[in-house]
$ cat my_file04.txt   # compact mmCIF, N, CA and C atoms
# COMPACT_ATOMS: atom_id res chain seq x y z
N ARG A 15 0.82 -1.19 0.00
CA ARG A 15 0.00 0.00 0.00
C ARG A 15 0.87 1.26 0.00
N SER A 16 1.97 1.19 0.72
CA SER A 16 2.85 2.36 0.76
C SER A 16 3.42 2.64 -0.63
N SER A 17 3.74 1.58 -1.38
CA SER A 17 4.27 1.77 -2.73
C SER A 17 3.18 2.33 -3.65
N ASP A 18 1.90 1.92 -3.42
CA ASP A 18 0.80 2.48 -4.21
C ASP A 18 0.68 3.98 -3.97
N LEU A 19 0.78 4.39 -2.72
CA LEU A 19 0.69 5.81 -2.40
C LEU A 19 1.85 6.58 -3.01
N LEU A 20 3.03 5.98 -2.94
CA LEU A 20 4.20 6.62 -3.53
C LEU A 20 4.02 6.78 -5.04
N GLY A 21 3.47 5.75 -5.69
CA GLY A 21 3.20 5.82 -7.13
C GLY A 21 2.18 6.91 -7.45
N LEU A 22 1.16 7.04 -6.63
CA LEU A 22 0.16 8.09 -6.84
C LEU A 22 0.78 9.48 -6.68
N ARG A 23 1.65 9.60 -5.68
CA ARG A 23 2.32 10.89 -5.48
C ARG A 23 3.17 11.26 -6.70
N GLU A 24 3.91 10.26 -7.20
CA GLU A 24 4.77 10.51 -8.36
C GLU A 24 3.92 10.90 -9.58
N LYS A 25 2.82 10.19 -9.81
CA LYS A 25 1.93 10.52 -10.93
C LYS A 25 1.33 11.91 -10.75
N GLY A 26 0.95 12.24 -9.52
CA GLY A 26 0.42 13.57 -9.25
C GLY A 26 1.44 14.65 -9.54
N GLN A 27 2.69 14.39 -9.15
CA GLN A 27 3.75 15.37 -9.39
C GLN A 27 4.02 15.51 -10.88
N ILE A 28 4.00 14.40 -11.60
CA ILE A 28 4.20 14.44 -13.05
C ILE A 28 3.09 15.27 -13.70
N LEU A 29 1.83 15.03 -13.25
CA LEU A 29 0.71 15.79 -13.78
C LEU A 29 0.86 17.29 -13.49
N LEU A 30 1.28 17.60 -12.28
CA LEU A 30 1.51 19.02 -11.93
C LEU A 30 2.58 19.63 -12.83
N ASP A 31 3.66 18.88 -13.04
CA ASP A 31 4.73 19.38 -13.90
C ASP A 31 4.23 19.62 -15.32
N GLN A 32 3.39 18.70 -15.81
CA GLN A 32 2.85 18.85 -17.16
C GLN A 32 1.93 20.07 -17.25
N ILE A 33 1.08 20.25 -16.25
CA ILE A 33 0.14 21.38 -16.28
C ILE A 33 0.89 22.70 -16.19
N THR A 34 1.87 22.78 -15.30
CA THR A 34 2.60 24.04 -15.16
C THR A 34 3.46 24.29 -16.39
N GLY A 35 3.89 23.25 -17.07
CA GLY A 35 4.68 23.40 -18.30
C GLY A 35 3.80 23.67 -19.51
N GLN A 36 2.50 23.45 -19.37
CA GLN A 36 1.57 23.60 -20.48
C GLN A 36 1.53 25.04 -20.99
N ALA A 37 1.76 25.97 -20.12
CA ALA A 37 1.72 27.38 -20.52
C ALA A 37 2.78 27.68 -21.57
N ALA A 38 3.88 26.94 -21.53
CA ALA A 38 4.97 27.18 -22.47
C ALA A 38 4.59 26.77 -23.89
N TRP A 39 3.74 25.78 -24.05
CA TRP A 39 3.37 25.34 -25.42
C TRP A 39 1.90 25.60 -25.75
N ALA A 40 1.34 26.62 -25.14
CA ALA A 40 -0.07 26.96 -25.36
C ALA A 40 -0.28 27.84 -26.59
N TYR A 41 0.78 28.14 -27.33
CA TYR A 41 0.69 28.94 -28.57
C TYR A 41 -0.01 30.26 -28.36
N GLY A 42 0.39 30.94 -27.31
CA GLY A 42 -0.12 32.27 -27.08
C GLY A 42 -1.46 32.34 -26.40
N LYS A 43 -2.12 31.22 -26.18
CA LYS A 43 -3.41 31.25 -25.48
C LYS A 43 -3.17 31.45 -24.00
N ASP A 44 -4.11 32.15 -23.35
CA ASP A 44 -3.99 32.37 -21.90
C ASP A 44 -4.65 31.22 -21.16
N VAL A 45 -3.84 30.26 -20.72
CA VAL A 45 -4.37 29.10 -19.99
C VAL A 45 -3.94 29.14 -18.53
N SER A 46 -3.37 30.24 -18.10
CA SER A 46 -2.83 30.30 -16.74
C SER A 46 -3.91 30.19 -15.68
N ILE A 47 -5.10 30.77 -15.90
CA ILE A 47 -6.18 30.70 -14.90
C ILE A 47 -6.67 29.26 -14.77
N GLU A 48 -6.88 28.61 -15.93
CA GLU A 48 -7.31 27.20 -15.90
C GLU A 48 -6.25 26.34 -15.24
N ASN A 49 -5.00 26.58 -15.60
CA ASN A 49 -3.90 25.81 -15.03
C ASN A 49 -3.81 26.00 -13.52
N LYS A 50 -4.01 27.22 -13.09
CA LYS A 50 -3.93 27.50 -11.65
C LYS A 50 -4.99 26.70 -10.89
N GLU A 51 -6.21 26.68 -11.44
CA GLU A 51 -7.29 25.91 -10.79
C GLU A 51 -6.97 24.42 -10.78
N ASN A 52 -6.44 23.91 -11.89
CA ASN A 52 -6.08 22.49 -11.97
C ASN A 52 -4.96 22.16 -10.99
N VAL A 53 -3.96 23.01 -10.94
CA VAL A 53 -2.84 22.79 -10.02
C VAL A 53 -3.34 22.78 -8.58
N GLU A 54 -4.17 23.75 -8.22
CA GLU A 54 -4.70 23.81 -6.85
C GLU A 54 -5.54 22.57 -6.54
N HIS A 55 -6.32 22.11 -7.51
CA HIS A 55 -7.15 20.92 -7.30
C HIS A 55 -6.27 19.69 -7.07
N ILE A 56 -5.26 19.52 -7.91
CA ILE A 56 -4.37 18.36 -7.77
C ILE A 56 -3.61 18.43 -6.46
N GLN A 57 -3.12 19.61 -6.11
CA GLN A 57 -2.40 19.75 -4.83
C GLN A 57 -3.34 19.44 -3.67
N GLY A 58 -4.60 19.89 -3.75
CA GLY A 58 -5.57 19.59 -2.69
C GLY A 58 -5.83 18.10 -2.56
N VAL A 59 -5.97 17.42 -3.72
CA VAL A 59 -6.19 15.97 -3.71
C VAL A 59 -4.99 15.26 -3.09
N MET A 60 -3.80 15.70 -3.45
CA MET A 60 -2.59 15.07 -2.90
C MET A 60 -2.47 15.31 -1.39
N GLU A 61 -2.83 16.51 -0.94
CA GLU A 61 -2.79 16.79 0.50
C GLU A 61 -3.83 15.94 1.24
N ASP A 62 -5.05 15.84 0.66
CA ASP A 62 -6.09 15.00 1.27
C ASP A 62 -5.64 13.55 1.36
N MET A 63 -4.99 13.09 0.31
CA MET A 63 -4.49 11.72 0.28
C MET A 63 -3.47 11.50 1.41
N GLN A 64 -2.60 12.48 1.59
CA GLN A 64 -1.60 12.37 2.67
C GLN A 64 -2.28 12.37 4.04
N LEU A 65 -3.29 13.23 4.23
CA LEU A 65 -4.00 13.27 5.51
C LEU A 65 -4.73 11.95 5.77
N ARG A 66 -5.35 11.38 4.74
CA ARG A 66 -6.03 10.08 4.90
C ARG A 66 -5.04 8.99 5.28
N LYS A 67 -3.88 9.02 4.62
CA LYS A 67 -2.83 8.04 4.94
C LYS A 67 -2.43 8.17 6.42
N GLN A 68 -2.26 9.39 6.88
CA GLN A 68 -1.86 9.60 8.27
C GLN A 68 -2.95 9.12 9.23
N ARG A 69 -4.23 9.40 8.89
CA ARG A 69 -5.33 8.93 9.75
C ARG A 69 -5.36 7.40 9.81
N CYS A 70 -5.13 6.77 8.67
CA CYS A 70 -5.10 5.29 8.64
C CYS A 70 -3.97 4.75 9.51
N GLU A 71 -2.80 5.38 9.40
CA GLU A 71 -1.67 4.94 10.22
C GLU A 71 -1.97 5.14 11.70
N ASP A 72 -2.62 6.25 12.04
CA ASP A 72 -2.99 6.50 13.44
C ASP A 72 -3.98 5.44 13.93
N MET A 73 -4.95 5.09 13.07
CA MET A 73 -5.94 4.07 13.46
C MET A 73 -5.27 2.72 13.64
N VAL A 74 -4.30 2.40 12.80
CA VAL A 74 -3.56 1.14 12.94
C VAL A 74 -2.83 1.12 14.28
N ASP A 75 -2.19 2.24 14.63
CA ASP A 75 -1.48 2.31 15.91
C ASP A 75 -2.44 2.11 17.08
N VAL A 76 -3.61 2.73 17.03
CA VAL A 76 -4.60 2.60 18.11
C VAL A 76 -5.06 1.15 18.20
N ARG A 77 -5.36 0.54 17.07
CA ARG A 77 -5.81 -0.86 17.09
C ARG A 77 -4.72 -1.80 17.58
N ARG A 78 -3.48 -1.52 17.20
CA ARG A 78 -2.37 -2.35 17.67
C ARG A 78 -2.26 -2.25 19.19
N LEU A 79 -2.40 -1.04 19.73
CA LEU A 79 -2.34 -0.84 21.18
C LEU A 79 -3.49 -1.58 21.87
N LYS A 80 -4.70 -1.49 21.30
CA LYS A 80 -5.85 -2.20 21.88
C LYS A 80 -5.61 -3.70 21.88
N MET A 81 -5.04 -4.22 20.80
CA MET A 81 -4.78 -5.66 20.74
C MET A 81 -3.74 -6.07 21.78
N LEU A 82 -2.71 -5.26 21.96
CA LEU A 82 -1.71 -5.57 22.98
C LEU A 82 -2.34 -5.56 24.37
N GLN A 83 -3.23 -4.61 24.62
CA GLN A 83 -3.92 -4.56 25.91
C GLN A 83 -4.80 -5.80 26.09
N MET A 84 -5.45 -6.25 25.02
CA MET A 84 -6.30 -7.44 25.12
C MET A 84 -5.45 -8.67 25.42
N VAL A 85 -4.29 -8.77 24.79
CA VAL A 85 -3.39 -9.90 25.05
C VAL A 85 -2.93 -9.88 26.51
N GLN A 86 -2.58 -8.69 27.01
CA GLN A 86 -2.15 -8.57 28.40
C GLN A 86 -3.29 -8.94 29.35
N LEU A 87 -4.50 -8.50 29.04
CA LEU A 87 -5.64 -8.84 29.87
C LEU A 87 -5.91 -10.34 29.87
N PHE A 88 -5.83 -10.96 28.70
CA PHE A 88 -6.02 -12.40 28.60
C PHE A 88 -4.98 -13.14 29.42
N LYS A 89 -3.72 -12.71 29.34
CA LYS A 89 -2.64 -13.35 30.11
C LYS A 89 -2.90 -13.16 31.61
N CYS A 90 -3.35 -11.99 32.00
CA CYS A 90 -3.67 -11.73 33.40
C CYS A 90 -4.79 -12.65 33.88
N GLU A 91 -5.82 -12.83 33.04
CA GLU A 91 -6.92 -13.72 33.40
C GLU A 91 -6.43 -15.16 33.55
N GLU A 92 -5.54 -15.59 32.65
CA GLU A 92 -4.98 -16.94 32.75
C GLU A 92 -4.20 -17.09 34.06
N ASP A 93 -3.39 -16.08 34.39
CA ASP A 93 -2.60 -16.14 35.62
C ASP A 93 -3.52 -16.17 36.85
N ALA A 94 -4.58 -15.39 36.82
CA ALA A 94 -5.53 -15.38 37.94
C ALA A 94 -6.20 -16.74 38.08
N ALA A 95 -6.59 -17.35 36.96
CA ALA A 95 -7.22 -18.68 37.01
C ALA A 95 -6.25 -19.71 37.60
N GLN A 96 -4.99 -19.61 37.20
CA GLN A 96 -3.98 -20.52 37.75
C GLN A 96 -3.82 -20.32 39.26
N ALA A 97 -3.80 -19.07 39.69
CA ALA A 97 -3.67 -18.77 41.13
C ALA A 97 -4.87 -19.32 41.90
N VAL A 98 -6.07 -19.17 41.35
CA VAL A 98 -7.27 -19.70 42.01
C VAL A 98 -7.18 -21.22 42.11
N GLU A 99 -6.70 -21.85 41.04
CA GLU A 99 -6.54 -23.31 41.06
C GLU A 99 -5.55 -23.73 42.15
N TRP A 100 -4.42 -23.03 42.22
CA TRP A 100 -3.42 -23.36 43.25
C TRP A 100 -4.00 -23.17 44.65
N LEU A 101 -4.74 -22.09 44.85
CA LEU A 101 -5.34 -21.85 46.17
C LEU A 101 -6.34 -22.96 46.51
N GLY A 102 -7.09 -23.41 45.53
CA GLY A 102 -8.02 -24.52 45.76
C GLY A 102 -7.29 -25.78 46.17
N GLU A 103 -6.18 -26.05 45.49
CA GLU A 103 -5.39 -27.24 45.84
C GLU A 103 -4.81 -27.11 47.25
N LEU A 104 -4.35 -25.91 47.59
CA LEU A 104 -3.83 -25.70 48.94
C LEU A 104 -4.92 -25.89 49.99
N LEU A 105 -6.11 -25.39 49.70
CA LEU A 105 -7.22 -25.55 50.62
C LEU A 105 -7.57 -27.02 50.82
N GLU A 106 -7.62 -27.77 49.72
CA GLU A 106 -7.91 -29.20 49.83
C GLU A 106 -6.86 -29.90 50.69
N ALA A 107 -5.59 -29.57 50.44
CA ALA A 107 -4.52 -30.19 51.23
C ALA A 107 -4.66 -29.81 52.70
N LEU A 108 -4.99 -28.57 52.96
CA LEU A 108 -5.17 -28.11 54.34
C LEU A 108 -6.31 -28.86 55.02
N LEU A 109 -7.42 -28.96 54.33
CA LEU A 109 -8.58 -29.63 54.93
C LEU A 109 -8.33 -31.11 55.15
N LYS A 110 -7.62 -31.76 54.25
CA LYS A 110 -7.33 -33.19 54.40
C LYS A 110 -6.37 -33.44 55.57
N THR A 111 -5.45 -32.54 55.75
CA THR A 111 -4.36 -32.77 56.71
C THR A 111 -4.67 -32.24 58.11
N TYR A 112 -5.39 -31.14 58.22
CA TYR A 112 -5.44 -30.44 59.50
C TYR A 112 -6.82 -30.37 60.13
N ILE A 113 -7.62 -31.37 59.91
CA ILE A 113 -8.94 -31.35 60.51
C ILE A 113 -8.88 -31.68 62.01
N ARG A 114 -7.98 -32.52 62.38
CA ARG A 114 -7.91 -32.87 63.81
C ARG A 114 -6.61 -32.36 64.43
N LEU A 115 -6.56 -32.26 65.72
CA LEU A 115 -5.42 -31.68 66.42
C LEU A 115 -4.42 -32.72 66.94
N GLY A 116 -4.75 -33.96 66.84
CA GLY A 116 -3.85 -35.01 67.31
C GLY A 116 -4.35 -35.61 68.62
N ASP A 117 -4.01 -36.89 68.84
CA ASP A 117 -4.47 -37.60 70.03
C ASP A 117 -3.53 -37.43 71.22
N ASP A 118 -2.27 -37.18 70.95
CA ASP A 118 -1.32 -36.96 72.04
C ASP A 118 -0.33 -35.87 71.62
N SER A 119 0.59 -35.55 72.51
CA SER A 119 1.50 -34.44 72.24
C SER A 119 2.44 -34.74 71.08
N GLN A 120 2.85 -35.98 70.93
CA GLN A 120 3.74 -36.34 69.83
C GLN A 120 3.05 -36.13 68.47
N GLU A 121 1.82 -36.61 68.40
CA GLU A 121 1.06 -36.46 67.16
C GLU A 121 0.78 -34.97 66.88
N THR A 122 0.53 -34.20 67.93
CA THR A 122 0.29 -32.76 67.77
C THR A 122 1.54 -32.08 67.24
N LYS A 123 2.73 -32.48 67.75
CA LYS A 123 3.99 -31.91 67.26
C LYS A 123 4.19 -32.23 65.78
N ILE A 124 3.88 -33.45 65.38
CA ILE A 124 4.01 -33.85 63.96
C ILE A 124 3.06 -33.02 63.09
N LEU A 125 1.83 -32.87 63.59
CA LEU A 125 0.85 -32.06 62.84
C LEU A 125 1.31 -30.60 62.75
N LEU A 126 1.88 -30.07 63.82
CA LEU A 126 2.39 -28.69 63.78
C LEU A 126 3.54 -28.55 62.78
N GLU A 127 4.40 -29.54 62.72
CA GLU A 127 5.51 -29.51 61.75
C GLU A 127 4.98 -29.56 60.32
N LYS A 128 3.97 -30.42 60.09
CA LYS A 128 3.34 -30.46 58.77
C LYS A 128 2.68 -29.12 58.42
N HIS A 129 2.11 -28.52 59.44
CA HIS A 129 1.47 -27.21 59.22
C HIS A 129 2.52 -26.16 58.85
N ARG A 130 3.66 -26.18 59.53
CA ARG A 130 4.73 -25.23 59.20
C ARG A 130 5.21 -25.43 57.76
N LYS A 131 5.35 -26.70 57.35
CA LYS A 131 5.76 -26.98 55.97
C LYS A 131 4.70 -26.46 54.99
N PHE A 132 3.46 -26.67 55.36
CA PHE A 132 2.36 -26.19 54.52
C PHE A 132 2.41 -24.66 54.39
N VAL A 133 2.63 -23.97 55.49
CA VAL A 133 2.74 -22.51 55.47
C VAL A 133 3.91 -22.08 54.61
N ASP A 134 5.03 -22.80 54.71
CA ASP A 134 6.20 -22.47 53.88
C ASP A 134 5.88 -22.62 52.39
N VAL A 135 5.19 -23.72 52.04
CA VAL A 135 4.81 -23.93 50.64
C VAL A 135 3.85 -22.82 50.18
N ALA A 136 2.90 -22.49 51.02
CA ALA A 136 1.94 -21.43 50.67
C ALA A 136 2.66 -20.10 50.48
N GLN A 137 3.59 -19.78 51.37
CA GLN A 137 4.34 -18.54 51.26
C GLN A 137 5.20 -18.54 50.00
N SER A 138 5.83 -19.66 49.71
CA SER A 138 6.65 -19.77 48.51
C SER A 138 5.81 -19.58 47.25
N THR A 139 4.62 -20.19 47.24
CA THR A 139 3.71 -20.04 46.10
C THR A 139 3.29 -18.58 45.95
N TYR A 140 2.99 -17.95 47.05
CA TYR A 140 2.61 -16.53 47.03
C TYR A 140 3.76 -15.68 46.49
N ASP A 141 4.97 -15.94 47.01
CA ASP A 141 6.14 -15.17 46.58
C ASP A 141 6.41 -15.37 45.09
N ASP A 142 6.26 -16.61 44.61
CA ASP A 142 6.47 -16.89 43.18
C ASP A 142 5.45 -16.12 42.34
N GLY A 143 4.21 -16.09 42.81
CA GLY A 143 3.18 -15.36 42.08
C GLY A 143 3.46 -13.87 42.05
N ARG A 144 3.94 -13.32 43.15
CA ARG A 144 4.27 -11.90 43.21
C ARG A 144 5.44 -11.57 42.28
N SER A 145 6.44 -12.46 42.24
CA SER A 145 7.60 -12.19 41.39
C SER A 145 7.24 -12.26 39.91
N GLU A 146 6.25 -13.08 39.53
CA GLU A 146 5.82 -13.16 38.12
C GLU A 146 5.05 -11.93 37.71
N GLU A 147 4.43 -11.23 38.65
CA GLU A 147 3.72 -9.99 38.33
C GLU A 147 4.66 -8.92 37.83
N HIS A 148 5.87 -8.92 38.33
CA HIS A 148 6.83 -7.87 38.00
C HIS A 148 7.75 -8.41 36.98
$ encode --input "my_file04.txt" --output "structure tokens"
Amino acid sequence: RSSDLLGLREKGQILLDQITGQAAWAYGKDVSIENKENVEHIQGVMEDMQLRKQRCEDMVDVRRLKMLQMVQLFKCEEDAAQAVEWLGELLEALLKTYIRLGDDSQETKILLEKHRKFVDVAQSTYDDGRSEEH
């Protein structure tokens, strides 16, 4: 498309050159007023074409930005779904392991140690999630 526009510009410039040179071979006829109107019209069309091209490029940039934002939002949603899944798994593990407090002090100490390990895993998962955000 850029080469098409460049070709149109070149053809427009050639036409302008021909019209402005037309006065030289007009055999004494006064064509300057007609030529002036034609030149102004062609220059106006070329300027409009350039403005349209710029608007199209601006719209492409806006759409590209919107698409990048959509990709980022989609990735964020995926990450959130993964975090919810991990939290669900942690909850299941917690409920399976820590429903009772133990029958004696030894069993309670073992359960407390398992709980500390669970907290460490949960903290590590949280920290990993925070580091992926940045």
$ atom_distance --input "my_file04.txt" --atom1 "CA of Leu29 (chain A)" --atom2 "atom N of Arg69 (chain A)"
24.1 Å
$ residues_around --input "my_file04.txt" --residues "region 127-129 of chain A" --least-positions-apart "5" --cutoff "8 Å" --atoms "all atoms listed in the file" --output "JSON, numbers by chain"
{"A": [111, 112, 121, 122, 134, 135]}
$ closest_residue --input "my_file04.txt" --among "A:Arg77, A:Leu104, A:Ser119, A:Leu82" --to "Ala136 (chain A)" --atoms "only N, CA and C atoms"
A:Leu104
$ atom_distance --input "my_file04.txt" --atom1 "atom C of Lys50 (chain A)" --atom2 "atom N of Asp31 (chain A)"
11.9 Å
$ atom_distance --input "my_file04.txt" --atom1 "atom N of Val74 (chain A)" --atom2 "atom C of Leu19 (chain A)"
17.5 Å
$ closest_residue --input "my_file04.txt" --among "A:Leu79, A:Met63, A:Val53, A:Ile33" --to "Asp18 (chain A)" --atoms "only C-alpha atoms"
A:Met63
$ residues_around --input "my_file04.txt" --residues "Tyr140 (chain A)" --least-positions-apart "5" --cutoff "12 Å" --atoms "only C-alpha atoms" --output "mmCIF file with N, CA and C atoms, in the coordinates of the input"
data_model
loop_
_atom_site.group_PDB
_atom_site.id
_atom_site.type_symbol
_atom_site.label_atom_id
_atom_site.label_comp_id
_atom_site.auth_asym_id
_atom_site.auth_seq_id
_atom_site.Cartn_x
_atom_site.Cartn_y
_atom_site.Cartn_z
ATOM 1 N N ALA A 97 -3.800 -19.070 39.690
ATOM 2 C CA ALA A 97 -3.670 -18.770 41.130
ATOM 3 C C ALA A 97 -4.870 -19.320 41.900
ATOM 4 N N VAL A 98 -6.070 -19.170 41.350
ATOM 5 C CA VAL A 98 -7.270 -19.700 42.010
ATOM 6 C C VAL A 98 -7.180 -21.220 42.110
ATOM 7 N N TRP A 100 -4.420 -23.030 42.220
ATOM 8 C CA TRP A 100 -3.420 -23.360 43.250
ATOM 9 C C TRP A 100 -4.000 -23.170 44.650
ATOM 10 N N LEU A 101 -4.740 -22.090 44.850
ATOM 11 C CA LEU A 101 -5.340 -21.850 46.170
ATOM 12 C C LEU A 101 -6.340 -22.960 46.510
ATOM 13 N N LEU A 104 -4.350 -25.910 47.590
ATOM 14 C CA LEU A 104 -3.830 -25.700 48.940
ATOM 15 C C LEU A 104 -4.920 -25.890 49.990
ATOM 16 N N VAL A 133 2.630 -23.970 55.490
ATOM 17 C CA VAL A 133 2.740 -22.510 55.470
ATOM 18 C C VAL A 133 3.910 -22.080 54.610
ATOM 19 N N ASP A 134 5.030 -22.800 54.710
ATOM 20 C CA ASP A 134 6.200 -22.470 53.880
ATOM 21 C C ASP A 134 5.880 -22.620 52.390
ATOM 22 N N VAL A 135 5.190 -23.720 52.040
ATOM 23 C CA VAL A 135 4.810 -23.930 50.640
ATOM 24 C C VAL A 135 3.850 -22.820 50.180
ATOM 25 N N SER A 145 6.440 -12.460 42.240
ATOM 26 C CA SER A 145 7.600 -12.190 41.390
ATOM 27 C C SER A 145 7.240 -12.260 39.910
ATOM 28 N N GLU A 146 6.250 -13.080 39.530
ATOM 29 C CA GLU A 146 5.820 -13.160 38.120
ATOM 30 C C GLU A 146 5.050 -11.930 37.710
ATOM 31 N N GLU A 147 4.430 -11.230 38.650
ATOM 32 C CA GLU A 147 3.720 -9.990 38.330
ATOM 33 C C GLU A 147 4.660 -8.920 37.830
#
$ decode --input "my_file04.txt" --residues "region 81-89 of chain A" --atoms "all heavy atoms" --output "JSON list (two decimals), in the first residue's frame"
[["chain", "number", "residue", "atom", "x", "y", "z"],
["A", 81, "MET", "N", -5.04, -4.22, 20.80],
["A", 81, "MET", "CA", -4.78, -5.66, 20.74],
["A", 81, "MET", "C", -3.74, -6.07, 21.78],
["A", 81, "MET", "O", -3.89, -7.12, 22.42],
["A", 81, "MET", "CB", -4.34, -6.06, 19.33],
["A", 81, "MET", "CG", -5.47, -6.00, 18.32],
["A", 81, "MET", "SD", -4.98, -6.54, 16.68],
["A", 81, "MET", "CE", -4.85, -8.30, 16.96],
["A", 82, "LEU", "N", -2.71, -5.26, 21.96],
["A", 82, "LEU", "CA", -1.71, -5.57, 22.98],
["A", 82, "LEU", "C", -2.34, -5.56, 24.37],
["A", 82, "LEU", "O", -2.04, -6.43, 25.21],
["A", 82, "LEU", "CB", -0.56, -4.56, 22.92],
["A", 82, "LEU", "CG", 0.41, -4.71, 21.77],
["A", 82, "LEU", "CD1", 1.39, -3.54, 21.74],
["A", 82, "LEU", "CD2", 1.16, -6.03, 21.87],
["A", 83, "GLN", "N", -3.23, -4.61, 24.62],
["A", 83, "GLN", "CA", -3.92, -4.56, 25.91],
["A", 83, "GLN", "C", -4.80, -5.80, 26.09],
["A", 83, "GLN", "O", -4.87, -6.35, 27.19],
["A", 83, "GLN", "CB", -4.77, -3.29, 26.00],
["A", 83, "GLN", "CG", -3.94, -2.04, 26.14],
["A", 83, "GLN", "CD", -4.77, -0.77, 26.03],
["A", 83, "GLN", "OE1", -5.86, -0.76, 25.47],
["A", 83, "GLN", "NE2", -4.25, 0.33, 26.56],
["A", 84, "MET", "N", -5.45, -6.25, 25.02],
["A", 84, "MET", "CA", -6.30, -7.44, 25.12],
["A", 84, "MET", "C", -5.45, -8.67, 25.42],
["A", 84, "MET", "O", -5.85, -9.52, 26.22],
["A", 84, "MET", "CB", -7.09, -7.62, 23.81],
["A", 84, "MET", "CG", -8.20, -6.59, 23.64],
["A", 84, "MET", "SD", -9.01, -6.65, 22.02],
["A", 84, "MET", "CE", -9.66, -8.29, 21.99],
["A", 85, "VAL", "N", -4.29, -8.77, 24.79],
["A", 85, "VAL", "CA", -3.39, -9.90, 25.05],
["A", 85, "VAL", "C", -2.93, -9.88, 26.51],
["A", 85, "VAL", "O", -2.91, -10.91, 27.19],
["A", 85, "VAL", "CB", -2.18, -9.88, 24.08],
["A", 85, "VAL", "CG1", -1.09, -10.83, 24.54],
["A", 85, "VAL", "CG2", -2.63, -10.20, 22.67],
["A", 86, "GLN", "N", -2.58, -8.69, 27.01],
["A", 86, "GLN", "CA", -2.15, -8.57, 28.40],
["A", 86, "GLN", "C", -3.29, -8.94, 29.35],
["A", 86, "GLN", "O", -3.07, -9.62, 30.36],
["A", 86, "GLN", "CB", -1.67, -7.15, 28.69],
["A", 86, "GLN", "CG", -0.34, -6.83, 28.03],
["A", 86, "GLN", "CD", 0.05, -5.37, 28.19],
["A", 86, "GLN", "OE1", -0.78, -4.51, 28.46],
["A", 86, "GLN", "NE2", 1.34, -5.08, 28.01],
["A", 87, "LEU", "N", -4.50, -8.50, 29.04],
["A", 87, "LEU", "CA", -5.64, -8.84, 29.87],
["A", 87, "LEU", "C", -5.91, -10.34, 29.87],
["A", 87, "LEU", "O", -6.16, -10.94, 30.91],
["A", 87, "LEU", "CB", -6.89, -8.08, 29.39],
["A", 87, "LEU", "CG", -8.17, -8.31, 30.18],
["A", 87, "LEU", "CD1", -7.99, -7.91, 31.64],
["A", 87, "LEU", "CD2", -9.33, -7.56, 29.55],
["A", 88, "PHE", "N", -5.83, -10.96, 28.70],
["A", 88, "PHE", "CA", -6.02, -12.40, 28.60],
["A", 88, "PHE", "C", -4.98, -13.14, 29.42],
["A", 88, "PHE", "O", -5.31, -14.08, 30.15],
["A", 88, "PHE", "CB", -5.95, -12.83, 27.12],
["A", 88, "PHE", "CG", -6.14, -14.29, 26.92],
["A", 88, "PHE", "CD1", -7.39, -14.87, 27.06],
["A", 88, "PHE", "CD2", -5.06, -15.10, 26.59],
["A", 88, "PHE", "CE1", -7.57, -16.23, 26.88],
["A", 88, "PHE", "CE2", -5.23, -16.46, 26.41],
["A", 88, "PHE", "CZ", -6.48, -17.03, 26.55],
["A", 89, "LYS", "N", -3.72, -12.71, 29.34],
["A", 89, "LYS", "CA", -2.64, -13.35, 30.11],
["A", 89, "LYS", "C", -2.90, -13.16, 31.61],
["A", 89, "LYS", "O", -2.71, -14.10, 32.39],
["A", 89, "LYS", "CB", -1.30, -12.74, 29.71],
["A", 89, "LYS", "CG", -0.12, -13.30, 30.45],
["A", 89, "LYS", "CD", 0.10, -14.74, 30.12],
["A", 89, "LYS", "CE", 1.35, -15.25, 30.82],
["A", 89, "LYS", "NZ", 1.23, -16.62, 31.25]]
